[in-house]
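Shown below: entry_10.tsv, with TSV, C-alpha atoms.
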```
chain	number	residue	atom	x	y	z
A	13	MET	CA	105.79	80.12	82.94
A	14	ALA	CA	107.57	77.75	80.62
A	15	HIS	CA	109.41	75.88	83.39
A	16	GLY	CA	106.89	75.88	86.23
A	17	ALA	CA	108.52	72.98	88.11
A	18	ASP	CA	111.42	75.13	89.31
A	19	LYS	CA	109.44	78.28	89.88
A	20	HIS	CA	109.87	80.15	93.16
A	21	CYS	CA	107.67	83.02	94.30
A	22	PHE	CA	107.84	85.83	96.83
A	23	SER	CA	105.75	88.88	97.76
A	24	ASN	CA	107.83	90.58	100.45
A	25	LEU	CA	111.26	90.68	102.04
A	26	LYS	CA	110.68	87.71	104.33
A	27	GLU	CA	109.42	85.50	101.52
A	28	HIS	CA	112.35	86.59	99.35
A	29	GLN	CA	114.81	85.54	102.04
A	30	ALA	CA	113.11	82.15	102.27
A	31	VAL	CA	113.56	81.35	98.55
A	32	GLN	CA	116.67	83.44	97.87
A	33	ALA	CA	118.98	80.46	97.33
A	34	GLN	CA	116.72	78.99	94.64
A	35	LEU	CA	116.23	82.21	92.67
A	36	PRO	CA	118.06	83.09	89.44
A	37	ALA	CA	121.20	85.19	89.94
A	38	ILE	CA	119.50	88.43	88.94
A	39	LEU	CA	116.97	88.14	91.81
A	40	LYS	CA	119.19	86.71	94.53
A	41	LYS	CA	120.02	90.15	95.86
A	42	LEU	CA	117.35	92.84	96.24
A	43	PRO	CA	116.80	95.70	95.64
A	44	ALA	CA	117.51	95.11	91.98
A	45	TYR	CA	118.06	98.09	89.71
A	46	LEU	CA	118.04	97.67	85.94
A	47	VAL	CA	118.61	100.07	83.08
A	48	THR	CA	118.87	100.36	79.36
A	49	ASP	CA	120.63	103.42	78.01
A	50	ASN	CA	121.18	103.85	74.28
A	51	PHE	CA	120.44	106.40	71.57
A	52	LEU	CA	116.96	104.94	70.91
A	53	VAL	CA	115.61	104.54	74.42
A	54	LYS	CA	116.49	104.94	78.07
A	55	ALA	CA	114.59	102.88	80.61
A	56	ILE	CA	114.81	102.00	84.29
A	57	ALA	CA	113.24	99.27	86.40
A	58	ALA	CA	113.52	98.72	90.13
A	59	LEU	CA	112.43	95.86	92.38
A	60	GLU	CA	112.57	96.94	96.01
A	61	PRO	CA	111.53	94.60	98.82
A	62	GLY	CA	109.66	95.79	101.88
A	63	PRO	CA	108.08	94.09	104.88
A	64	GLN	CA	104.65	94.11	103.20
A	65	PHE	CA	105.33	94.06	99.47
A	66	ILE	CA	107.77	94.22	96.59
A	67	ARG	CA	107.69	97.65	94.96
A	68	PHE	CA	108.03	97.65	91.17
A	69	PHE	CA	108.97	100.87	89.41
A	70	PHE	CA	109.41	101.34	85.66
A	71	ASN	CA	110.00	104.40	83.53
A	72	ALA	CA	111.26	105.01	80.01
A	73	SER	CA	112.15	107.86	77.71
A	74	ARG	CA	109.56	106.70	75.15
A	75	GLY	CA	106.63	104.31	74.89
A	76	ILE	CA	105.14	105.43	78.20
A	77	GLU	CA	103.27	108.51	79.45
A	78	GLU	CA	103.95	108.23	83.16
A	79	PRO	CA	106.00	105.88	85.35
A	80	ILE	CA	104.53	102.60	86.56
A	81	GLU	CA	104.71	102.20	90.31
A	82	THR	CA	102.96	99.33	92.03
A	83	ASN	CA	103.47	96.32	94.24
A	84	VAL	CA	104.01	92.91	92.70
A	85	ARG	CA	104.38	89.27	93.51
A	86	ILE	CA	107.37	87.78	91.75
A	87	CYS	CA	107.73	84.23	90.50
A	88	ALA	CA	110.88	83.11	88.73
A	89	ASP	CA	112.69	80.13	87.32
A	90	GLU	CA	116.08	80.11	85.63
A	91	ASN	CA	114.67	81.48	82.36
A	92	GLN	CA	111.84	83.83	83.22
A	93	ILE	CA	110.56	86.31	85.75
A	94	GLU	CA	106.82	86.64	86.18
A	95	LEU	CA	105.49	89.83	87.73
A	96	VAL	CA	102.00	89.31	89.14
A	97	PHE	CA	100.09	92.52	89.80
A	98	ASP	CA	97.31	92.98	92.38
A	99	ASN	CA	94.66	92.85	89.66
A	100	GLY	CA	95.90	89.44	88.51
A	101	VAL	CA	97.62	90.71	85.37
A	102	LYS	CA	100.95	88.98	84.69
A	103	GLU	CA	104.02	90.30	82.91
A	104	LEU	CA	106.53	87.75	81.65
A	105	ILE	CA	110.13	88.86	81.43
A	106	GLU	CA	112.88	86.81	79.86
A	107	ILE	CA	116.15	86.47	81.75
A	108	ARG	CA	119.26	87.01	79.64
A	109	GLY	CA	122.48	85.82	81.20
A	110	GLU	CA	123.50	86.54	84.79
A	111	SER	CA	122.37	90.13	84.93
A	112	GLY	CA	120.08	90.95	82.02
A	113	ILE	CA	116.35	90.88	81.21
A	114	TYR	CA	114.40	91.30	77.98
A	115	VAL	CA	111.20	93.34	78.40
A	116	ARG	CA	108.16	93.30	76.08
A	117	ASP	CA	110.22	91.88	73.19
A	118	THR	CA	111.66	95.36	72.91
A	119	ILE	CA	114.43	96.29	75.30
A	120	THR	CA	117.27	94.52	77.06
A	121	MET	CA	118.00	95.84	80.53
A	122	GLN	CA	121.10	95.21	82.64
A	123	LYS	CA	121.34	95.05	86.42
A	124	VAL	CA	123.36	97.99	87.73
A	125	GLU	CA	124.31	99.71	90.95
A	126	SER	CA	121.89	102.23	92.44
A	127	HIS	CA	123.99	105.26	91.45
A	128	GLN	CA	123.96	104.17	87.77
A	129	TYR	CA	120.19	103.66	88.02
A	130	ALA	CA	119.79	107.12	89.54
A	131	LYS	CA	121.77	108.67	86.69
A	132	VAL	CA	119.56	107.15	83.97
A	133	SER	CA	116.45	107.95	86.03
A	134	GLN	CA	117.41	111.63	86.20
A	135	SER	CA	118.10	111.66	82.48
A	136	ILE	CA	114.60	110.27	81.73
A	137	GLU	CA	112.95	112.73	84.12
A	138	LYS	CA	114.81	115.62	82.56
A	139	ALA	CA	113.79	114.57	79.03
A	140	SER	CA	110.21	114.05	80.20
A	141	SER	CA	109.94	117.50	81.80
A	142	GLN	CA	111.33	119.13	78.65
A	143	LYS	CA	108.80	117.21	76.53
A	144	THR	CA	105.95	118.32	78.81
A	145	ALA	CA	107.07	121.92	78.70
A	146	ILE	CA	107.11	121.87	74.90
A	147	SER	CA	103.81	120.05	74.39
A	148	THR	CA	101.64	121.76	77.01
A	149	PRO	CA	102.92	125.27	77.56
A	150	ARG	CA	99.56	126.65	78.70
A	151	LYS	CA	98.83	124.12	81.43
A	152	GLU	CA	99.54	124.86	85.05
A	153	GLY	CA	98.46	123.11	88.21
A	154	GLY	CA	96.18	120.14	87.64
A	155	ASN	CA	96.61	116.71	89.07
A	156	ARG	CA	99.97	115.65	87.67
B	21	MET	CA	111.51	94.01	54.41
B	22	ARG	CA	109.36	92.39	57.10
B	23	SER	CA	110.55	95.05	59.55
B	24	LEU	CA	109.51	97.77	57.14
B	25	ILE	CA	106.04	96.26	56.75
B	26	LEU	CA	105.73	96.06	60.53
B	27	PHE	CA	106.84	99.68	60.79
B	28	PHE	CA	104.17	100.88	58.38
B	29	THR	CA	101.51	98.68	59.97
B	30	LEU	CA	102.25	100.12	63.39
B	31	ASN	CA	102.35	103.69	62.22
B	32	PHE	CA	99.40	103.82	59.89
B	33	THR	CA	96.81	101.81	61.78
B	34	ILE	CA	94.38	104.27	63.32
B	35	THR	CA	92.83	103.45	66.67
B	36	VAL	CA	89.57	105.28	67.18
B	37	LEU	CA	88.42	106.24	70.65
B	38	ALA	CA	85.08	104.63	71.47
B	39	VAL	CA	83.69	107.88	72.89
B	40	ASN	CA	83.66	111.54	71.95
B	41	SER	CA	83.73	114.59	74.17
B	42	THR	CA	82.10	117.97	73.81
B	43	ASP	CA	85.42	119.35	75.12
B	44	THR	CA	88.73	119.21	73.25
B	45	ILE	CA	90.50	115.96	74.02
B	46	HIS	CA	93.42	114.01	72.62
B	47	PHE	CA	93.55	110.23	72.70
B	48	ILE	CA	96.86	108.33	72.83
B	49	PRO	CA	96.17	104.66	71.98
B	50	LYS	CA	98.07	102.05	73.99
B	51	LYS	CA	100.02	100.84	70.98
B	52	GLU	CA	101.76	104.22	70.90
B	53	ILE	CA	102.71	103.86	74.56
B	54	PRO	CA	103.31	100.11	74.81
B	55	PHE	CA	105.14	100.16	78.15
B	56	SER	CA	102.08	101.77	79.77
B	57	GLU	CA	100.27	98.43	79.32
B	58	ILE	CA	102.48	96.76	81.92
B	59	GLY	CA	100.27	95.64	84.80
B	60	LYS	CA	97.03	96.72	83.18
B	61	PRO	CA	94.13	94.51	82.08
B	62	THR	CA	93.35	94.13	78.37
B	63	THR	CA	90.41	96.52	78.80
B	64	TYR	CA	92.96	99.38	78.97
B	65	GLN	CA	92.84	101.26	75.67
B	66	GLY	CA	95.14	104.25	76.18
B	67	ARG	CA	95.11	107.75	77.61
B	68	ILE	CA	92.86	110.73	77.20
B	69	GLU	CA	94.25	114.24	77.59
B	70	HIS	CA	91.69	116.88	78.47
B	71	PHE	CA	92.92	120.15	76.99
B	72	GLU	CA	90.20	122.33	78.51
B	73	ALA	CA	90.96	121.24	82.07
B	74	THR	CA	91.34	124.14	84.47
B	75	SER	CA	93.69	124.40	87.41
B	76	SER	CA	93.23	121.62	90.01
B	77	GLU	CA	91.22	119.62	87.46
B	78	PRO	CA	92.53	116.31	86.10
B	79	THR	CA	94.21	116.67	82.72
B	80	LYS	CA	94.95	113.02	81.97
B	81	TYR	CA	92.89	109.87	82.24
B	82	GLU	CA	93.54	106.21	81.63
B	83	PHE	CA	90.75	104.95	79.42
B	84	TYR	CA	89.26	101.45	79.79
B	85	GLN	CA	86.63	99.92	77.55
B	86	LEU	CA	85.03	97.23	79.66
B	87	THR	CA	83.20	94.16	78.42
B	88	PHE	CA	80.24	92.34	79.90
B	89	SER	CA	78.53	89.25	78.61
B	90	GLU	CA	75.11	90.77	79.33
B	91	PRO	CA	73.71	94.26	79.91
B	92	LEU	CA	74.09	95.39	83.50
B	93	LYS	CA	72.96	98.30	85.64
B	94	MET	CA	75.55	100.30	87.55
B	95	ASP	CA	75.33	99.75	91.29
B	96	ASN	CA	77.72	99.38	94.23
B	97	SER	CA	78.29	95.69	93.65
B	98	LEU	CA	79.09	96.06	89.95
B	99	CYS	CA	81.34	99.03	90.68
B	100	GLN	CA	83.22	97.07	93.33
B	101	ASN	CA	83.73	94.16	90.91
B	102	ILE	CA	85.03	96.37	88.11
B	103	ALA	CA	87.29	98.33	90.43
B	104	LYS	CA	88.82	95.06	91.65
B	105	GLN	CA	89.46	94.02	88.06
B	106	LEU	CA	91.35	97.26	87.57
B	107	PHE	CA	93.19	97.53	90.89
B	108	GLY	CA	92.90	94.13	92.60
B	109	SER	CA	91.15	93.12	95.78
B	110	LYS	CA	93.85	94.11	98.27
B	111	ASN	CA	92.99	97.77	98.17
B	112	THR	CA	90.23	99.32	100.24
B	113	LEU	CA	88.05	101.29	97.90
B	114	LYS	CA	85.74	104.15	98.73
B	115	ILE	CA	82.74	104.02	96.43
B	116	ASN	CA	80.04	106.61	95.67
B	117	LEU	CA	77.22	106.36	93.18
B	118	GLU	CA	76.27	109.57	91.40
B	119	GLN	CA	73.75	110.41	88.73
B	120	GLY	CA	75.39	111.07	85.38
B	121	HIS	CA	74.02	112.27	82.05
B	122	THR	CA	73.58	108.69	80.83
B	123	GLY	CA	72.52	107.06	84.10
B	124	PRO	CA	74.19	106.03	87.36
B	125	VAL	CA	77.94	106.62	87.53
B	126	CYS	CA	80.30	105.10	90.05
B	127	LEU	CA	83.16	107.10	91.54
B	128	PHE	CA	85.76	105.05	93.40
B	129	GLU	CA	88.95	106.16	95.07
B	130	PHE	CA	91.83	104.68	97.01
B	131	HIS	CA	95.22	105.59	98.34
B	132	ASP	CA	98.02	103.44	96.92
B	133	ALA	CA	100.58	103.27	99.74
B	134	VAL	CA	103.32	101.75	97.57
B	135	ARG	CA	103.59	104.87	95.43
B	136	LYS	CA	106.52	107.06	96.44
B	137	LYS	CA	107.40	108.85	93.19
B	138	THR	CA	104.03	109.02	91.45
B	139	PRO	CA	100.65	110.42	92.60
B	140	ALA	CA	99.23	107.99	95.15
B	141	HIS	CA	95.58	109.04	95.27
B	142	GLN	CA	93.61	107.36	92.53
B	143	LEU	CA	90.13	108.24	91.35
B	144	GLY	CA	88.07	106.16	88.95
B	145	VAL	CA	84.79	106.79	87.16
B	146	ILE	CA	82.74	103.92	85.77
B	147	GLY	CA	79.57	104.25	83.79
B	148	PHE	CA	77.93	103.72	80.44
B	149	ILE	CA	78.36	105.86	77.35
B	150	ARG	CA	76.18	104.90	74.40
B	151	THR	CA	75.41	101.73	76.40
B	152	LYS	CA	79.12	100.80	76.42
B	153	PRO	CA	80.72	100.31	79.85
B	154	ILE	CA	83.64	102.72	80.24
B	155	ALA	CA	86.11	103.46	83.03
B	156	LEU	CA	88.37	106.48	83.47
B	157	ILE	CA	91.16	106.62	86.04
B	158	THR	CA	93.12	109.67	87.12
B	159	ARG	CA	95.59	110.34	89.93
B	160	PHE	CA	96.34	113.10	92.41
B	161	GLN	CA	99.31	114.00	94.57
B	162	ASN	CA	97.17	114.89	97.58
B	163	PRO	CA	93.98	113.47	99.10
B	164	ILE	CA	91.17	114.00	96.61
B	165	SER	CA	88.87	116.91	97.39
B	166	THR	CA	85.15	117.09	96.76
B	167	ASP	CA	85.82	119.78	94.18
B	168	GLN	CA	88.22	117.53	92.27
B	169	LYS	CA	85.65	114.73	92.29
B	170	LEU	CA	83.01	117.09	90.95
B	171	LYS	CA	85.35	118.30	88.21
B	172	THR	CA	86.17	114.74	87.23
B	173	LEU	CA	82.46	113.98	87.08
B	174	LYS	CA	81.96	117.15	85.03
B	175	PHE	CA	84.46	115.83	82.46
B	176	TRP	CA	82.59	112.53	82.41
B	177	GLN	CA	79.42	114.48	81.55
B	178	THR	CA	81.15	115.77	78.39
B	179	LEU	CA	81.52	112.23	77.01
B	180	ARG	CA	79.15	111.14	74.28
```
Go ahead and express the file in the form of structure tokens.
Amino acid sequence: MAHGADKHCFSNLKEHQAVQAQLPAILKKLPAYLVTDNFLVKAIAALEPGPQFIRFFFNASRGIEEPIETNVRICADENQIELVFDNGVKELIEIRGESGIYVRDTITMQKVESHQYAKVSQSIEKASSQKTAISTPRKEGGNR
Amino acid sequence: MRSLILFFTLNFTITVLAVNSTDTIHFIPKKEIPFSEIGKPTTYQGRIEHFEATSSEPTKYEFYQLTFSEPLKMDNSLCQNIAKQLFGSKNTLKINLEQGHTGPVCLFEFHDAVRKKTPAHQLGVIGFIRTKPIALITRFQNPISTDQKLKTLKFWQTLR
């Protein structure tokens, strides 16, 4: 991270509570639900704390084939959030203002309430199921 | 203008899959699904769709082209190391070595407890195709049956 000196990390609910005061505004309160919803792309991201891990969920209307769902360790300073996955891979996310993030140099997502998140989530799932029905009409069963 | 050049570069660069299959498959390179790269190592190349999959058989696989500094033989230890690169060391993996059409093949599986909305049972296949180390990963809603493992291995046998 660019500003490692002020970086604070957590991997579960207890650790989050311990560093909560030092975290950027967007991470002070968890779960955090984020969305982008425009004519080009819809996307959702969730960070949900549990006793053992922080669950990360991401889905989008394009640029992805299936949702990402995994546990992460989170490190953050005032400018960036670093998601650290179990395999050691890191994803750097830029913080924009009090309640926004910039993901993969592509989309800006805003922190929202859970009902707004659920609405965008349903919209993505609906679009995805329609896409699947059009592209693979002959497939039934299988693993997904 | 620069945006236009970028647009054409992105849309007209062809990514070729490093393997073929005797079955009908479709490869979606990672640059076409950029968000799918989140949390994956750089060995991830994209997704393979297996059009001839029958019911209960996996239809989609994540495709990884692995790299080693020297030639290696597939065994439990190597399989464990590669699986940890893909999924991390926190997960308890169940590993089986099978004989494939190009030599020993490793099947590894684990249950990902954090998954609530997506299939939690993951199955990986690691082996060598044309001496290149390759990994495929697919997922199931329910605990993986012996039949599903055999069908996954059967798809592996179609790779050339």
**Residues near segment 134-136 of chain A, cut-off 10 Å, only C-alpha atoms, skip fewer than 3 positions along chain, as a PyMOL selection string** = chain A and resi 49+53-56+71-74+129-131+139-142
**Message:** Can you pull out the residues contacting segment 90-106 of chain B? Cut-off 12 Å, using all atoms listed in the file, and skip same-chain residues under 2 positions away; I want them as JSON, numbers by chain.
**Reply:** {"A": [97, 98, 99, 100, 101], "B": [59, 60, 61, 62, 63, 64, 82, 83, 84, 85, 86, 87, 88, 108, 109, 110, 111, 112, 113, 114, 115, 116, 117, 118, 119, 120, 122, 123, 124, 125, 126, 127, 128, 129, 130, 142, 143, 144, 145, 146, 147, 148, 149, 151, 152, 153, 154, 155, 156, 157]}
**Prompt:** If we count all atoms listed in the file, which residues of chain A reach to within 12 Å of chain B? Please list them as a VMD selection string.
**Reply:** chain A and resid 53 55 to 57 60 to 85 94 to 105 115 to 119 133 137 147 to 156
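Taking atom CA of Thr35 of chain B and atom CA of Arg150 of chain B as the two end points, the separation is 18.4 Å.
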Tell me, as a PDB file with C-alpha atoms, keeping the file's coordinate frame, which residues lie within 9 Å of Ser111 of chain A, counting all atoms listed in the file; anything in the same chain fewer than 5 positions away does not count.
```
ATOM      1  CA  ALA A  37     121.200  85.190  89.940  1.00  0.00           C
ATOM      2  CA  ILE A  38     119.500  88.430  88.940  1.00  0.00           C
ATOM      3  CA  LEU A  39     116.970  88.140  91.810  1.00  0.00           C
ATOM      4  CA  LEU A  46     118.040  97.670  85.940  1.00  0.00           C
ATOM      5  CA  MET A 121     118.000  95.840  80.530  1.00  0.00           C
ATOM      6  CA  GLN A 122     121.100  95.210  82.640  1.00  0.00           C
ATOM      7  CA  LYS A 123     121.340  95.050  86.420  1.00  0.00           C
ATOM      8  CA  VAL A 124     123.360  97.990  87.730  1.00  0.00           C
TER       9      VAL A 124
END
```
